[in-house]
file entry_1.tsv (TSV, N, CA and C atoms and all ligand atoms)
chain	number	residue	atom	x	y	z
A	1	MET	N	-20.97	-23.68	29.23
A	1	MET	CA	-19.77	-23.35	28.44
A	1	MET	C	-19.86	-24.00	27.06
A	2	ALA	N	-19.45	-23.26	26.07
A	2	ALA	CA	-19.52	-23.78	24.69
A	2	ALA	C	-18.55	-24.94	24.50
A	3	ARG	N	-18.95	-25.89	23.71
A	3	ARG	CA	-18.07	-27.00	23.39
A	3	ARG	C	-16.90	-26.49	22.56
A	4	PRO	N	-15.69	-26.95	22.86
A	4	PRO	CA	-14.55	-26.46	22.06
A	4	PRO	C	-14.71	-26.86	20.59
A	5	LYS	N	-14.33	-25.94	19.71
A	5	LYS	CA	-14.41	-26.26	18.29
A	5	LYS	C	-13.25	-27.15	17.89
A	6	LYS	N	-13.40	-27.76	16.75
A	6	LYS	CA	-12.42	-28.74	16.32
A	6	LYS	C	-11.09	-28.11	15.90
A	7	TYR	N	-11.17	-26.95	15.24
A	7	TYR	CA	-9.94	-26.35	14.71
A	7	TYR	C	-9.52	-25.13	15.49
A	8	ARG	N	-8.23	-24.93	15.53
A	8	ARG	CA	-7.69	-23.66	15.99
A	8	ARG	C	-7.34	-22.85	14.77
A	9	ILE	N	-7.83	-21.63	14.75
A	9	ILE	CA	-7.69	-20.79	13.58
A	9	ILE	C	-6.41	-19.97	13.69
A	10	VAL	N	-5.57	-20.01	12.68
A	10	VAL	CA	-4.34	-19.22	12.72
A	10	VAL	C	-4.15	-18.43	11.42
A	11	GLU	N	-3.42	-17.33	11.55
A	11	GLU	CA	-3.16	-16.43	10.44
A	11	GLU	C	-2.37	-17.13	9.33
A	12	TYR	N	-2.79	-16.88	8.09
A	12	TYR	CA	-2.21	-17.60	6.96
A	12	TYR	C	-0.73	-17.30	6.73
A	13	SER	N	-0.26	-16.10	7.17
A	13	SER	CA	1.10	-15.69	6.81
A	13	SER	C	2.16	-16.20	7.79
A	14	LEU	N	1.76	-16.87	8.85
A	14	LEU	CA	2.75	-17.41	9.79
A	14	LEU	C	3.56	-18.52	9.12
A	15	LYS	N	4.88	-18.41	9.25
A	15	LYS	CA	5.77	-19.37	8.58
A	15	LYS	C	6.64	-20.08	9.60
A	16	PRO	N	6.95	-21.34	9.33
A	16	PRO	CA	7.88	-22.04	10.22
A	16	PRO	C	9.27	-21.42	10.11
A	17	THR	N	9.95	-21.31	11.23
A	17	THR	CA	11.31	-20.79	11.20
A	17	THR	C	12.08	-21.29	12.41
A	18	VAL	N	13.39	-21.02	12.41
A	18	VAL	CA	14.23	-21.41	13.54
A	18	VAL	C	15.02	-20.19	14.01
A	19	PHE	N	15.00	-19.93	15.31
A	19	PHE	CA	15.82	-18.87	15.90
A	19	PHE	C	16.98	-19.54	16.62
A	20	LYS	N	18.19	-19.15	16.21
A	20	LYS	CA	19.37	-19.76	16.81
A	20	LYS	C	20.12	-18.74	17.64
A	21	PRO	N	20.42	-19.07	18.88
A	21	PRO	CA	21.27	-18.18	19.67
A	21	PRO	C	22.68	-18.21	19.11
A	22	ASN	N	23.44	-17.15	19.36
A	22	ASN	CA	24.79	-17.04	18.87
A	22	ASN	C	25.67	-18.21	19.32
A	23	ARG	N	25.52	-18.53	20.60
A	23	ARG	CA	26.30	-19.63	21.13
A	23	ARG	C	25.71	-20.94	20.63
A	24	LYS	N	26.59	-21.89	20.42
A	24	LYS	CA	26.11	-23.19	19.94
A	24	LYS	C	25.18	-23.84	20.96
A	25	SER	N	24.08	-24.29	20.46
A	25	SER	CA	23.12	-24.94	21.34
A	25	SER	C	22.44	-26.06	20.59
A	26	SER	N	22.43	-27.20	21.20
A	26	SER	CA	21.79	-28.33	20.53
A	26	SER	C	20.37	-28.53	21.06
A	27	VAL	N	20.05	-27.76	22.10
A	27	VAL	CA	18.74	-27.95	22.72
A	27	VAL	C	17.72	-27.03	22.05
A	28	GLN	N	16.54	-27.55	21.84
A	28	GLN	CA	15.50	-26.77	21.16
A	28	GLN	C	14.22	-26.74	21.97
A	29	VAL	N	13.50	-25.64	21.81
A	29	VAL	CA	12.11	-25.65	22.22
A	29	VAL	C	11.29	-25.45	20.95
A	30	GLU	N	10.12	-26.03	20.94
A	30	GLU	CA	9.29	-25.90	19.75
A	30	GLU	C	7.99	-25.18	20.09
A	31	LEU	N	7.82	-24.03	19.45
A	31	LEU	CA	6.57	-23.29	19.59
A	31	LEU	C	5.62	-23.79	18.51
A	32	THR	N	4.48	-24.26	18.90
A	32	THR	CA	3.52	-24.73	17.90
A	32	THR	C	2.89	-23.53	17.20
A	33	ILE	N	2.28	-23.77	16.06
A	33	ILE	CA	1.71	-22.67	15.28
A	33	ILE	C	0.58	-21.97	16.05
A	34	ASP	N	-0.16	-22.72	16.85
A	34	ASP	CA	-1.23	-22.06	17.62
A	34	ASP	C	-0.65	-21.24	18.77
A	35	GLU	N	0.50	-21.66	19.30
A	35	GLU	CA	1.15	-20.84	20.33
A	35	GLU	C	1.69	-19.54	19.71
A	36	LEU	N	2.25	-19.67	18.51
A	36	LEU	CA	2.76	-18.48	17.82
A	36	LEU	C	1.61	-17.51	17.53
A	37	GLU	N	0.51	-18.04	17.06
A	37	GLU	CA	-0.65	-17.19	16.77
A	37	GLU	C	-1.19	-16.54	18.04
A	38	ALA	N	-1.21	-17.29	19.13
A	38	ALA	CA	-1.74	-16.75	20.39
A	38	ALA	C	-0.91	-15.57	20.88
A	39	ILE	N	0.43	-15.70	20.82
A	39	ILE	CA	1.24	-14.57	21.30
A	39	ILE	C	1.23	-13.42	20.28
A	40	ARG	N	1.02	-13.74	19.01
A	40	ARG	CA	0.87	-12.66	18.03
A	40	ARG	C	-0.35	-11.81	18.39
A	41	LEU	N	-1.46	-12.48	18.63
A	41	LEU	CA	-2.70	-11.76	18.92
A	41	LEU	C	-2.63	-11.04	20.27
A	42	ALA	N	-2.15	-11.74	21.30
A	42	ALA	CA	-2.17	-11.19	22.65
A	42	ALA	C	-1.06	-10.15	22.86
A	43	ASP	N	0.16	-10.48	22.46
A	43	ASP	CA	1.30	-9.64	22.79
A	43	ASP	C	1.61	-8.61	21.71
A	44	LEU	N	1.50	-9.01	20.45
A	44	LEU	CA	1.86	-8.10	19.36
A	44	LEU	C	0.69	-7.20	18.97
A	45	GLU	N	-0.48	-7.78	18.79
A	45	GLU	CA	-1.66	-6.99	18.44
A	45	GLU	C	-2.30	-6.37	19.68
A	46	GLY	N	-1.94	-6.85	20.87
A	46	GLY	CA	-2.48	-6.30	22.10
A	46	GLY	C	-3.96	-6.56	22.31
A	47	MET	N	-4.45	-7.65	21.77
A	47	MET	CA	-5.88	-7.95	21.91
A	47	MET	C	-6.20	-8.48	23.30
A	48	TYR	N	-7.44	-8.26	23.72
A	48	TYR	CA	-7.93	-8.91	24.93
A	48	TYR	C	-8.00	-10.40	24.66
A	49	GLN	N	-7.74	-11.19	25.71
A	49	GLN	CA	-7.75	-12.65	25.54
A	49	GLN	C	-9.10	-13.15	25.02
A	50	GLU	N	-10.15	-12.50	25.47
A	50	GLU	CA	-11.49	-12.91	25.05
A	50	GLU	C	-11.66	-12.78	23.52
A	51	ASP	N	-11.21	-11.64	22.98
A	51	ASP	CA	-11.33	-11.39	21.54
A	51	ASP	C	-10.41	-12.32	20.76
A	52	ALA	N	-9.19	-12.48	21.26
A	52	ALA	CA	-8.22	-13.33	20.58
A	52	ALA	C	-8.68	-14.79	20.58
A	53	ALA	N	-9.26	-15.21	21.69
A	53	ALA	CA	-9.77	-16.58	21.79
A	53	ALA	C	-10.86	-16.81	20.76
A	54	GLU	N	-11.71	-15.81	20.59
A	54	GLU	CA	-12.80	-15.96	19.63
A	54	GLU	C	-12.26	-16.07	18.21
A	55	ILE	N	-11.24	-15.27	17.91
A	55	ILE	CA	-10.63	-15.32	16.58
A	55	ILE	C	-10.03	-16.69	16.32
A	56	MET	N	-9.42	-17.27	17.34
A	56	MET	CA	-8.80	-18.60	17.15
A	56	MET	C	-9.80	-19.74	17.26
A	57	GLY	N	-11.00	-19.43	17.69
A	57	GLY	CA	-12.01	-20.48	17.78
A	57	GLY	C	-11.84	-21.40	18.98
A	58	VAL	N	-11.24	-20.86	20.05
A	58	VAL	CA	-11.07	-21.65	21.28
A	58	VAL	C	-11.68	-20.88	22.45
A	59	SER	N	-11.84	-21.57	23.58
A	59	SER	CA	-12.37	-20.89	24.76
A	59	SER	C	-11.30	-19.96	25.33
A	60	ARG	N	-11.73	-19.00	26.18
A	60	ARG	CA	-10.79	-18.07	26.78
A	60	ARG	C	-9.79	-18.83	27.66
A	61	GLN	N	-10.27	-19.86	28.35
A	61	GLN	CA	-9.38	-20.66	29.20
A	61	GLN	C	-8.31	-21.37	28.37
A	62	THR	N	-8.75	-21.94	27.26
A	62	THR	CA	-7.79	-22.61	26.37
A	62	THR	C	-6.79	-21.61	25.81
A	63	PHE	N	-7.29	-20.44	25.43
A	63	PHE	CA	-6.39	-19.41	24.90
A	63	PHE	C	-5.35	-19.03	25.94
A	64	GLY	N	-5.79	-18.83	27.18
A	64	GLY	CA	-4.88	-18.48	28.27
A	64	GLY	C	-3.81	-19.54	28.47
A	65	ARG	N	-4.23	-20.80	28.34
A	65	ARG	CA	-3.30	-21.90	28.51
A	65	ARG	C	-2.27	-21.92	27.38
A	66	ILE	N	-2.72	-21.65	26.16
A	66	ILE	CA	-1.81	-21.62	25.00
A	66	ILE	C	-0.78	-20.50	25.18
A	67	VAL	N	-1.25	-19.31	25.60
A	67	VAL	CA	-0.35	-18.17	25.78
A	67	VAL	C	0.67	-18.46	26.88
A	68	ARG	N	0.22	-19.02	28.00
A	68	ARG	CA	1.15	-19.31	29.09
A	68	ARG	C	2.21	-20.33	28.66
A	69	SER	N	1.77	-21.32	27.91
A	69	SER	CA	2.71	-22.32	27.42
A	69	SER	C	3.75	-21.68	26.50
A	70	ALA	N	3.29	-20.77	25.63
A	70	ALA	CA	4.21	-20.08	24.72
A	70	ALA	C	5.20	-19.22	25.49
A	71	HIS	N	4.70	-18.47	26.48
A	71	HIS	CA	5.58	-17.61	27.28
A	71	HIS	C	6.65	-18.44	28.01
A	72	ARG	N	6.22	-19.57	28.54
A	72	ARG	CA	7.16	-20.42	29.27
A	72	ARG	C	8.26	-20.92	28.34
A	73	LYS	N	7.88	-21.35	27.14
A	73	LYS	CA	8.88	-21.85	26.19
A	73	LYS	C	9.85	-20.76	25.76
A	74	ILE	N	9.32	-19.56	25.52
A	74	ILE	CA	10.18	-18.45	25.09
A	74	ILE	C	11.13	-18.08	26.22
A	75	ALA	N	10.62	-18.01	27.43
A	75	ALA	CA	11.48	-17.70	28.58
A	75	ALA	C	12.57	-18.75	28.74
A	76	ASP	N	12.18	-20.00	28.61
A	76	ASP	CA	13.14	-21.10	28.72
A	76	ASP	C	14.25	-20.94	27.68
A	77	ALA	N	13.85	-20.61	26.45
A	77	ALA	CA	14.83	-20.46	25.38
A	77	ALA	C	15.76	-19.28	25.64
A	78	LEU	N	15.21	-18.14	26.08
A	78	LEU	CA	16.03	-16.96	26.31
A	78	LEU	C	16.98	-17.15	27.49
A	79	VAL	N	16.46	-17.69	28.56
A	79	VAL	CA	17.26	-17.82	29.78
A	79	VAL	C	18.30	-18.94	29.64
A	80	ASN	N	17.89	-20.04	29.06
A	80	ASN	CA	18.78	-21.20	28.99
A	80	ASN	C	19.46	-21.38	27.64
A	81	ILE	N	19.37	-20.34	26.79
A	81	ILE	CA	20.03	-20.30	25.49
A	81	ILE	C	19.72	-21.55	24.66
A	82	LYS	N	18.47	-21.64	24.27
A	82	LYS	CA	18.02	-22.74	23.42
A	82	LYS	C	17.49	-22.20	22.10
A	83	GLU	N	17.57	-23.05	21.09
A	83	GLU	CA	16.95	-22.70	19.81
A	83	GLU	C	15.44	-22.71	19.95
A	84	ILE	N	14.80	-21.82	19.17
A	84	ILE	CA	13.33	-21.86	19.12
A	84	ILE	C	12.91	-22.22	17.70
A	85	ARG	N	12.18	-23.29	17.57
A	85	ARG	CA	11.56	-23.64	16.30
A	85	ARG	C	10.09	-23.27	16.36
A	86	THR	N	9.61	-22.67	15.29
A	86	THR	CA	8.20	-22.28	15.32
A	86	THR	C	7.44	-22.85	14.14
A	87	GLY	N	6.18	-23.01	14.38
A	87	GLY	CA	5.22	-22.97	13.32
A	87	GLY	C	5.06	-24.14	12.41
A	88	LYS	N	5.11	-25.37	12.92
A	88	LYS	CA	4.70	-26.46	12.05
A	88	LYS	C	3.18	-26.54	12.07
A	89	PHE	N	2.58	-26.58	10.89
A	89	PHE	CA	1.13	-26.72	10.85
A	89	PHE	C	0.74	-28.15	11.14
A	90	ASP	N	-0.29	-28.33	11.90
A	90	ASP	CA	-0.79	-29.69	12.09
A	90	ASP	C	-2.30	-29.70	11.88
A	91	GLU	N	-2.85	-30.88	12.03
A	91	GLU	CA	-4.25	-31.05	11.63
A	91	GLU	C	-5.25	-30.33	12.54
A	92	LYS	N	-4.75	-29.83	13.69
A	92	LYS	CA	-5.71	-29.15	14.55
A	92	LYS	C	-5.81	-27.64	14.22
A	93	CYS	N	-5.03	-27.22	13.22
A	93	CYS	CA	-5.04	-25.81	12.86
A	93	CYS	C	-5.57	-25.59	11.45
A	94	ARG	N	-6.17	-24.45	11.26
A	94	ARG	CA	-6.67	-24.07	9.94
A	94	ARG	C	-6.23	-22.64	9.66
A	95	LYS	N	-5.75	-22.41	8.43
A	95	LYS	CA	-5.24	-21.08	8.11
A	95	LYS	C	-6.36	-20.14	7.68
A	96	ILE	N	-6.28	-18.93	8.15
A	96	ILE	CA	-7.21	-17.89	7.71
A	96	ILE	C	-6.46	-16.57	7.58
A	97	LYS	N	-7.12	-15.59	6.98
A	97	LYS	CA	-6.63	-14.22	6.99
A	97	LYS	C	-7.53	-13.43	7.92
A	98	LEU	N	-6.96	-12.48	8.63
A	98	LEU	CA	-7.76	-11.54	9.41
A	98	LEU	C	-7.86	-10.25	8.61
A	99	MET	N	-9.09	-9.77	8.44
A	99	MET	CA	-9.29	-8.52	7.72
A	99	MET	C	-9.71	-7.46	8.73
A	100	LYS	N	-9.30	-6.21	8.46
A	100	LYS	CA	-9.73	-5.11	9.33
A	100	LYS	C	-10.29	-3.98	8.49
A	101	CYS	N	-11.42	-3.45	8.94
A	101	CYS	CA	-12.06	-2.32	8.26
A	101	CYS	C	-11.54	-1.03	8.86
A	102	GLU	N	-11.06	-0.11	8.00
A	102	GLU	CA	-10.54	1.17	8.49
A	102	GLU	C	-11.66	2.13	8.86
A	103	SER	N	-12.86	1.88	8.36
A	103	SER	CA	-13.98	2.79	8.65
A	103	SER	C	-14.58	2.53	10.03
A	104	CYS	N	-14.91	1.26	10.30
A	104	CYS	CA	-15.61	0.98	11.57
A	104	CYS	C	-14.75	0.16	12.54
A	105	GLY	N	-13.57	-0.29	12.11
A	105	GLY	CA	-12.69	-1.00	13.02
A	105	GLY	C	-12.99	-2.48	13.17
A	106	LYS	N	-13.99	-2.97	12.44
A	106	LYS	CA	-14.35	-4.37	12.57
A	106	LYS	C	-13.20	-5.27	12.10
A	107	ILE	N	-12.98	-6.37	12.84
A	107	ILE	CA	-11.99	-7.38	12.46
A	107	ILE	C	-12.75	-8.68	12.21
A	108	TRP	N	-12.49	-9.32	11.07
A	108	TRP	CA	-13.18	-10.57	10.81
A	108	TRP	C	-12.26	-11.54	10.08
A	109	LYS	N	-12.73	-12.81	10.05
A	109	LYS	CA	-11.91	-13.89	9.49
A	109	LYS	C	-12.39	-14.26	8.09
A	110	VAL	N	-11.46	-14.55	7.22
A	110	VAL	CA	-11.81	-15.07	5.89
A	110	VAL	C	-10.85	-16.23	5.57
A	111	PRO	N	-11.25	-17.12	4.66
A	111	PRO	CA	-10.33	-18.19	4.26
A	111	PRO	C	-9.07	-17.59	3.64
A	112	GLU	N	-7.96	-18.34	3.68
A	112	GLU	CA	-6.69	-17.77	3.22
A	112	GLU	C	-6.70	-17.38	1.74
A	113	ASP	N	-7.58	-18.00	0.94
A	113	ASP	CA	-7.59	-17.68	-0.50
A	113	ASP	C	-8.68	-16.66	-0.85
A	114	TYR	N	-9.29	-16.05	0.16
A	114	TYR	CA	-10.35	-15.08	-0.08
A	114	TYR	C	-9.81	-13.82	-0.73
A	115	GLU	N	-10.51	-13.31	-1.75
A	115	GLU	CA	-10.01	-12.13	-2.49
A	115	GLU	C	-10.88	-10.90	-2.33
A	116	GLY	N	-12.04	-11.03	-1.72
A	116	GLY	CA	-12.97	-9.89	-1.61
A	116	GLY	C	-12.43	-8.78	-0.74
A	117	SER	N	-13.07	-7.63	-0.80
A	117	SER	CA	-12.59	-6.49	-0.01
A	117	SER	C	-13.73	-5.56	0.35
A	118	GLU	N	-14.68	-6.08	1.11
A	118	GLU	CA	-15.75	-5.22	1.59
A	118	GLU	C	-16.05	-5.58	3.04
A	119	CYS	N	-16.25	-4.55	3.87
A	119	CYS	CA	-16.56	-4.80	5.28
A	119	CYS	C	-17.96	-5.40	5.41
A	120	PRO	N	-18.08	-6.52	6.13
A	120	PRO	CA	-19.39	-7.15	6.27
A	120	PRO	C	-20.33	-6.34	7.18
A	121	LYS	N	-19.77	-5.40	7.93
A	121	LYS	CA	-20.59	-4.62	8.86
A	121	LYS	C	-21.07	-3.31	8.23
A	122	CYS	N	-20.12	-2.51	7.71
A	122	CYS	CA	-20.51	-1.19	7.20
A	122	CYS	C	-20.37	-1.10	5.68
A	123	HIS	N	-19.91	-2.16	5.03
A	123	HIS	CA	-19.77	-2.25	3.57
A	123	HIS	C	-18.75	-1.28	2.99
A	124	ALA	N	-17.87	-0.75	3.83
A	124	ALA	CA	-16.81	0.12	3.32
A	124	ALA	C	-15.82	-0.73	2.52
A	125	LYS	N	-15.11	-0.06	1.60
A	125	LYS	CA	-14.14	-0.77	0.76
A	125	LYS	C	-12.72	-0.64	1.28
A	126	ASN	N	-12.48	0.27	2.23
A	126	ASN	CA	-11.11	0.43	2.71
A	126	ASN	C	-10.81	-0.55	3.83
A	127	VAL	N	-10.61	-1.80	3.42
A	127	VAL	CA	-10.27	-2.86	4.36
A	127	VAL	C	-8.89	-3.37	4.02
A	128	HIS	N	-8.18	-3.91	5.01
A	128	HIS	CA	-6.88	-4.49	4.73
A	128	HIS	C	-6.67	-5.74	5.55
A	129	ILE	N	-5.66	-6.51	5.16
A	129	ILE	CA	-5.31	-7.72	5.91
A	129	ILE	C	-4.56	-7.30	7.16
A	130	LEU	N	-5.01	-7.77	8.30
A	130	LEU	CA	-4.37	-7.47	9.57
A	130	LEU	C	-3.14	-8.35	9.70
A	131	LYS	N	-1.94	-7.74	9.54
A	131	LYS	CA	-0.72	-8.54	9.54
A	131	LYS	C	0.26	-8.08	10.58
A	132	ILE	N	1.35	-8.83	10.66
A	132	ILE	CA	2.34	-8.58	11.68
A	132	ILE	C	3.05	-7.24	11.45
A	133	ASP	N	3.45	-6.93	10.20
A	133	ASP	CA	4.29	-5.74	10.03
A	133	ASP	C	3.61	-4.52	9.46
A	134	ASN	N	2.32	-4.38	9.58
A	134	ASN	CA	1.81	-3.07	9.12
A	134	ASN	C	0.69	-2.53	9.94
B	201	ZN	ZN	-16.59	-1.46	8.39

call {"tool": "encode", "arguments": {"input": "entry_1.tsv", "output": "structure tokens"}}
result
Amino acid sequence: MARPKKYRIVEYSLKPTVFKPNRKSSVQVELTIDELEAIRLADLEGMYQEDAAEIMGVSRQTFGRIVRSAHRKIADALVNIKEIRTGKFDEKCRKIKLMKCESCGKIWKVPEDYEGSECPKCHAKNVHILKIDN
């Protein structure tokens, strides 16, 4: 088994926020930025855990553990009416952008300040940032 890498890779556009239930609640659960990224990839993008784990730079087992932890916290918040805080960056995470090629479907990682726009696989120019709302 590969040695775990030092950083967990997360999408650059994830922002810290707070979700408050209508009813007053002083209790909070905190979703870490890597948990938020894991459920984004697994639940929102519908990726296989294996692919999502590779994108985040963790093992599939670690990815599964992160997703389960996130699901448990979200369930706890919904059922027990707690606030959800998300997305504080910490030293174990590194921000990246995910790019997707419209020609061949390749998805790859670039640093958050990367400006280029060519697919490393087929060299097509019609690539875009893989984001939450598009
Ligand atoms: Zn391509």

call {"tool": "closest_residue", "arguments": {"input": "entry_1.tsv", "among": "A:Ile81, A:Cys119, A:Ile66, A:Ala53", "to": "ligand ZN 201 (chain B)", "atoms": "only N, CA and C atoms and all ligand atoms"}}
result
A:Cys119

call {"tool": "residues_around", "arguments": {"input": "entry_1.tsv", "residues": "region 4-19 of chain A", "least_positions_apart": "2", "cutoff": "9 Å", "atoms": "only C-alpha atoms", "output": "tab-separated table (two decimals) with N, CA and C atoms, keeping the file's coordinate frame"}}
result
chain	number	residue	atom	x	y	z
A	1	MET	N	-20.97	-23.68	29.23
A	1	MET	CA	-19.77	-23.35	28.44
A	1	MET	C	-19.86	-24.00	27.06
A	2	ALA	N	-19.45	-23.26	26.07
A	2	ALA	CA	-19.52	-23.78	24.69
A	2	ALA	C	-18.55	-24.94	24.50
A	21	PRO	N	20.42	-19.07	18.88
A	21	PRO	CA	21.27	-18.18	19.67
A	21	PRO	C	22.68	-18.21	19.11
A	33	ILE	N	2.28	-23.77	16.06
A	33	ILE	CA	1.71	-22.67	15.28
A	33	ILE	C	0.58	-21.97	16.05
A	34	ASP	N	-0.16	-22.72	16.85
A	34	ASP	CA	-1.23	-22.06	17.62
A	34	ASP	C	-0.65	-21.24	18.77
A	36	LEU	N	2.25	-19.67	18.51
A	36	LEU	CA	2.76	-18.48	17.82
A	36	LEU	C	1.61	-17.51	17.53
A	37	GLU	N	0.51	-18.04	17.06
A	37	GLU	CA	-0.65	-17.19	16.77
A	37	GLU	C	-1.19	-16.54	18.04
A	38	ALA	N	-1.21	-17.29	19.13
A	38	ALA	CA	-1.74	-16.75	20.39
A	38	ALA	C	-0.91	-15.57	20.88
A	55	ILE	N	-11.24	-15.27	17.91
A	55	ILE	CA	-10.63	-15.32	16.58
A	55	ILE	C	-10.03	-16.69	16.32
A	56	MET	N	-9.42	-17.27	17.34
A	56	MET	CA	-8.80	-18.60	17.15
A	56	MET	C	-9.80	-19.74	17.26
A	57	GLY	N	-11.00	-19.43	17.69
A	57	GLY	CA	-12.01	-20.48	17.78
A	57	GLY	C	-11.84	-21.40	18.98
A	58	VAL	N	-11.24	-20.86	20.05
A	58	VAL	CA	-11.07	-21.65	21.28
A	58	VAL	C	-11.68	-20.88	22.45
A	59	SER	N	-11.84	-21.57	23.58
A	59	SER	CA	-12.37	-20.89	24.76
A	59	SER	C	-11.30	-19.96	25.33
A	62	THR	N	-8.75	-21.94	27.26
A	62	THR	CA	-7.79	-22.61	26.37
A	62	THR	C	-6.79	-21.61	25.81
A	82	LYS	N	18.47	-21.64	24.27
A	82	LYS	CA	18.02	-22.74	23.42
A	82	LYS	C	17.49	-22.20	22.10
A	83	GLU	N	17.57	-23.05	21.09
A	83	GLU	CA	16.95	-22.70	19.81
A	83	GLU	C	15.44	-22.71	19.95
A	84	ILE	N	14.80	-21.82	19.17
A	84	ILE	CA	13.33	-21.86	19.12
A	84	ILE	C	12.91	-22.22	17.70
A	85	ARG	N	12.18	-23.29	17.57
A	85	ARG	CA	11.56	-23.64	16.30
A	85	ARG	C	10.09	-23.27	16.36
A	86	THR	N	9.61	-22.67	15.29
A	86	THR	CA	8.20	-22.28	15.32
A	86	THR	C	7.44	-22.85	14.14
A	87	GLY	N	6.18	-23.01	14.38
A	87	GLY	CA	5.22	-22.97	13.32
A	87	GLY	C	5.06	-24.14	12.41
A	88	LYS	N	5.11	-25.37	12.92
A	88	LYS	CA	4.70	-26.46	12.05
A	88	LYS	C	3.18	-26.54	12.07
A	89	PHE	N	2.58	-26.58	10.89
A	89	PHE	CA	1.13	-26.72	10.85
A	89	PHE	C	0.74	-28.15	11.14
A	91	GLU	N	-2.85	-30.88	12.03
A	91	GLU	CA	-4.25	-31.05	11.63
A	91	GLU	C	-5.25	-30.33	12.54
A	92	LYS	N	-4.75	-29.83	13.69
A	92	LYS	CA	-5.71	-29.15	14.55
A	92	LYS	C	-5.81	-27.64	14.22
A	93	CYS	N	-5.03	-27.22	13.22
A	93	CYS	CA	-5.04	-25.81	12.86
A	93	CYS	C	-5.57	-25.59	11.45
A	94	ARG	N	-6.17	-24.45	11.26
A	94	ARG	CA	-6.67	-24.07	9.94
A	94	ARG	C	-6.23	-22.64	9.66
A	95	LYS	N	-5.75	-22.41	8.43
A	95	LYS	CA	-5.24	-21.08	8.11
A	95	LYS	C	-6.36	-20.14	7.68
A	96	ILE	N	-6.28	-18.93	8.15
A	96	ILE	CA	-7.21	-17.89	7.71
A	96	ILE	C	-6.46	-16.57	7.58
A	97	LYS	N	-7.12	-15.59	6.98
A	97	LYS	CA	-6.63	-14.22	6.99
A	97	LYS	C	-7.53	-13.43	7.92
A	98	LEU	N	-6.96	-12.48	8.63
A	98	LEU	CA	-7.76	-11.54	9.41
A	98	LEU	C	-7.86	-10.25	8.61
A	111	PRO	N	-11.25	-17.12	4.66
A	111	PRO	CA	-10.33	-18.19	4.26
A	111	PRO	C	-9.07	-17.59	3.64
A	112	GLU	N	-7.96	-18.34	3.68
A	112	GLU	CA	-6.69	-17.77	3.22
A	112	GLU	C	-6.70	-17.38	1.74
A	131	LYS	N	-1.94	-7.74	9.54
A	131	LYS	CA	-0.72	-8.54	9.54
A	131	LYS	C	0.26	-8.08	10.58
A	132	ILE	N	1.35	-8.83	10.66
A	132	ILE	CA	2.34	-8.58	11.68
A	132	ILE	C	3.05	-7.24	11.45

call {"tool": "closest_atom_pairs", "arguments": {"input": "entry_1.tsv", "of": "chain A", "to": "ligand ZN 201 (chain B)", "cutoff": "7 Å", "atoms": "only N, CA and C atoms and all ligand atoms", "output": "Markdown table"}}
result
| residue | atom | partner | partner_atom | distance |
| --- | --- | --- | --- | --- |
| A:Lys100 | C | B:ZN201 | ZN | 6.8 |
| A:Cys101 | CA | B:ZN201 | ZN | 4.6 |
| A:Glu102 | N | B:ZN201 | ZN | 5.7 |
| A:Ser103 | C | B:ZN201 | ZN | 4.8 |
| A:Cys104 | N | B:ZN201 | ZN | 3.7 |
| A:Gly105 | N | B:ZN201 | ZN | 4.9 |
| A:Lys106 | N | B:ZN201 | ZN | 5.0 |
| A:Glu118 | C | B:ZN201 | ZN | 6.8 |
| A:Cys119 | CA | B:ZN201 | ZN | 4.6 |
| A:Pro120 | N | B:ZN201 | ZN | 5.7 |
| A:Lys121 | C | B:ZN201 | ZN | 4.8 |
| A:Cys122 | N | B:ZN201 | ZN | 3.7 |
| A:His123 | N | B:ZN201 | ZN | 4.8 |
| A:Ala124 | N | B:ZN201 | ZN | 4.8 |

call {"tool": "write_last_selection", "arguments": {"input": "entry_1.tsv", "atoms": "N, CA and C atoms", "output": "CSV table (one decimal), in the coordinates of the input"}}
result
chain,number,residue,atom,x,y,z
A,100,LYS,N,-9.3,-6.2,8.5
A,100,LYS,CA,-9.7,-5.1,9.3
A,100,LYS,C,-10.3,-4.0,8.5
A,101,CYS,N,-11.4,-3.4,8.9
A,101,CYS,CA,-12.1,-2.3,8.3
A,101,CYS,C,-11.5,-1.0,8.9
A,102,GLU,N,-11.1,-0.1,8.0
A,102,GLU,CA,-10.5,1.2,8.5
A,102,GLU,C,-11.7,2.1,8.9
A,103,SER,N,-12.9,1.9,8.4
A,103,SER,CA,-14.0,2.8,8.6
A,103,SER,C,-14.6,2.5,10.0
A,104,CYS,N,-14.9,1.3,10.3
A,104,CYS,CA,-15.6,1.0,11.6
A,104,CYS,C,-14.8,0.2,12.5
A,105,GLY,N,-13.6,-0.3,12.1
A,105,GLY,CA,-12.7,-1.0,13.0
A,105,GLY,C,-13.0,-2.5,13.2
A,106,LYS,N,-14.0,-3.0,12.4
A,106,LYS,CA,-14.4,-4.4,12.6
A,106,LYS,C,-13.2,-5.3,12.1
A,118,GLU,N,-14.7,-6.1,1.1
A,118,GLU,CA,-15.8,-5.2,1.6
A,118,GLU,C,-16.0,-5.6,3.0
A,119,CYS,N,-16.2,-4.6,3.9
A,119,CYS,CA,-16.6,-4.8,5.3
A,119,CYS,C,-18.0,-5.4,5.4
A,120,PRO,N,-18.1,-6.5,6.1
A,120,PRO,CA,-19.4,-7.2,6.3
A,120,PRO,C,-20.3,-6.3,7.2
A,121,LYS,N,-19.8,-5.4,7.9
A,121,LYS,CA,-20.6,-4.6,8.9
A,121,LYS,C,-21.1,-3.3,8.2
A,122,CYS,N,-20.1,-2.5,7.7
A,122,CYS,CA,-20.5,-1.2,7.2
A,122,CYS,C,-20.4,-1.1,5.7
A,123,HIS,N,-19.9,-2.2,5.0
A,123,HIS,CA,-19.8,-2.2,3.6
A,123,HIS,C,-18.8,-1.3,3.0
A,124,ALA,N,-17.9,-0.8,3.8
A,124,ALA,CA,-16.8,0.1,3.3
A,124,ALA,C,-15.8,-0.7,2.5

call {"tool": "select_by_dssp", "arguments": {"input": "entry_1.tsv", "residues": "region 2-124 of chain A", "states": "strand (DSSP E or B)", "output": "list in words"}}
result
Arg8, Ile9, Val10, Glu11, Thr17, Val18, Phe19, Gln28, Val29, Glu30, Leu31, Glu83, Ile84, Arg85, Thr86, Cys93, Arg94, Lys95, Ile96, Lys97, Leu98, Met99, Lys100, Cys101, Ile107, Trp108, Lys109, Val110 and Pro111 of chain A
